[in-house]
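Working notes, structure below.
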Amino acid sequence: MVQLIESPIFASLRLALISHSNDNADAQHLSRALYGILMLLPQTEAFHLLNNRLKCVPNYWSQPNKISSKSTNESQCNIKFDELFIYFKHIQDLHHQKRVEKRKKNQF
């Protein structure tokens with residue numbers, strides 16, 4: 001997962017960490033989520049990579065919590081998260097079915 005975050009496709013996500021737009025609300029959400037992930041990782045190369053990345057991020061912990069439901073990009077867009085979640089669960093179920101089928105084929 002850390003390698004995915006470090007990939008070029010997530011460059012905009014990494015730039016959001018240092019963004020000054022939206023009173024840093026998105027960056028606060030993101031940095032707190034990444035610190036949570038960091039606490040779950042064993043101290044491997046992935047841990048050190050994410051830890052070094054987060055050391056470069058401005059310190060949002062000492063700032064007052066400016067996060068409000070209206071300040072994040074999520075609330076300003078028209079993304080239908082319920083529909084996306086249903087689609088995600090559908091795709092997840094399809095992958096699960098394929099894995100089960102593959103295991104059954106390998107058993108015989």
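Residue numbers start at 1 in each chain; chains themselves are named A, B, ... in the order of the structure tokens; ligands are numbered from 1 in the order shown.
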Pick out the residues sitting within 9 Å of Leu30 in chain A, and hand them over as number ranges by chain; count only C-alpha atoms, and ignore anything fewer than 5 positions along from it in its own chain.
A: 13, 16-17, 25, 35
For the residues in the current selection, export C-alpha atoms as a tab-separated table (two decimals), in the first residue's frame.
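That gives us again.tsv:
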chain	number	residue	atom	x	y	z
A	13	LEU	CA	-2.46	13.02	-3.13
A	16	ALA	CA	-2.49	17.63	-1.04
A	17	LEU	CA	-0.39	17.01	2.07
A	25	ALA	CA	-8.69	20.39	5.96
A	35	TYR	CA	-0.12	8.47	10.56
re CA of Val2 in chain A and CA of Ala46 in chain A: distance 6.0 Å
Option closest in space to Val57 in chain A, from A:Val100, A:His95, A:Lys105, A:Arg14 [counting only C-alpha atoms]
A:Arg14
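Coordinates place CA of Phe47 in chain A at a distance of 20.3 Å from CA of Ile18 in chain A.
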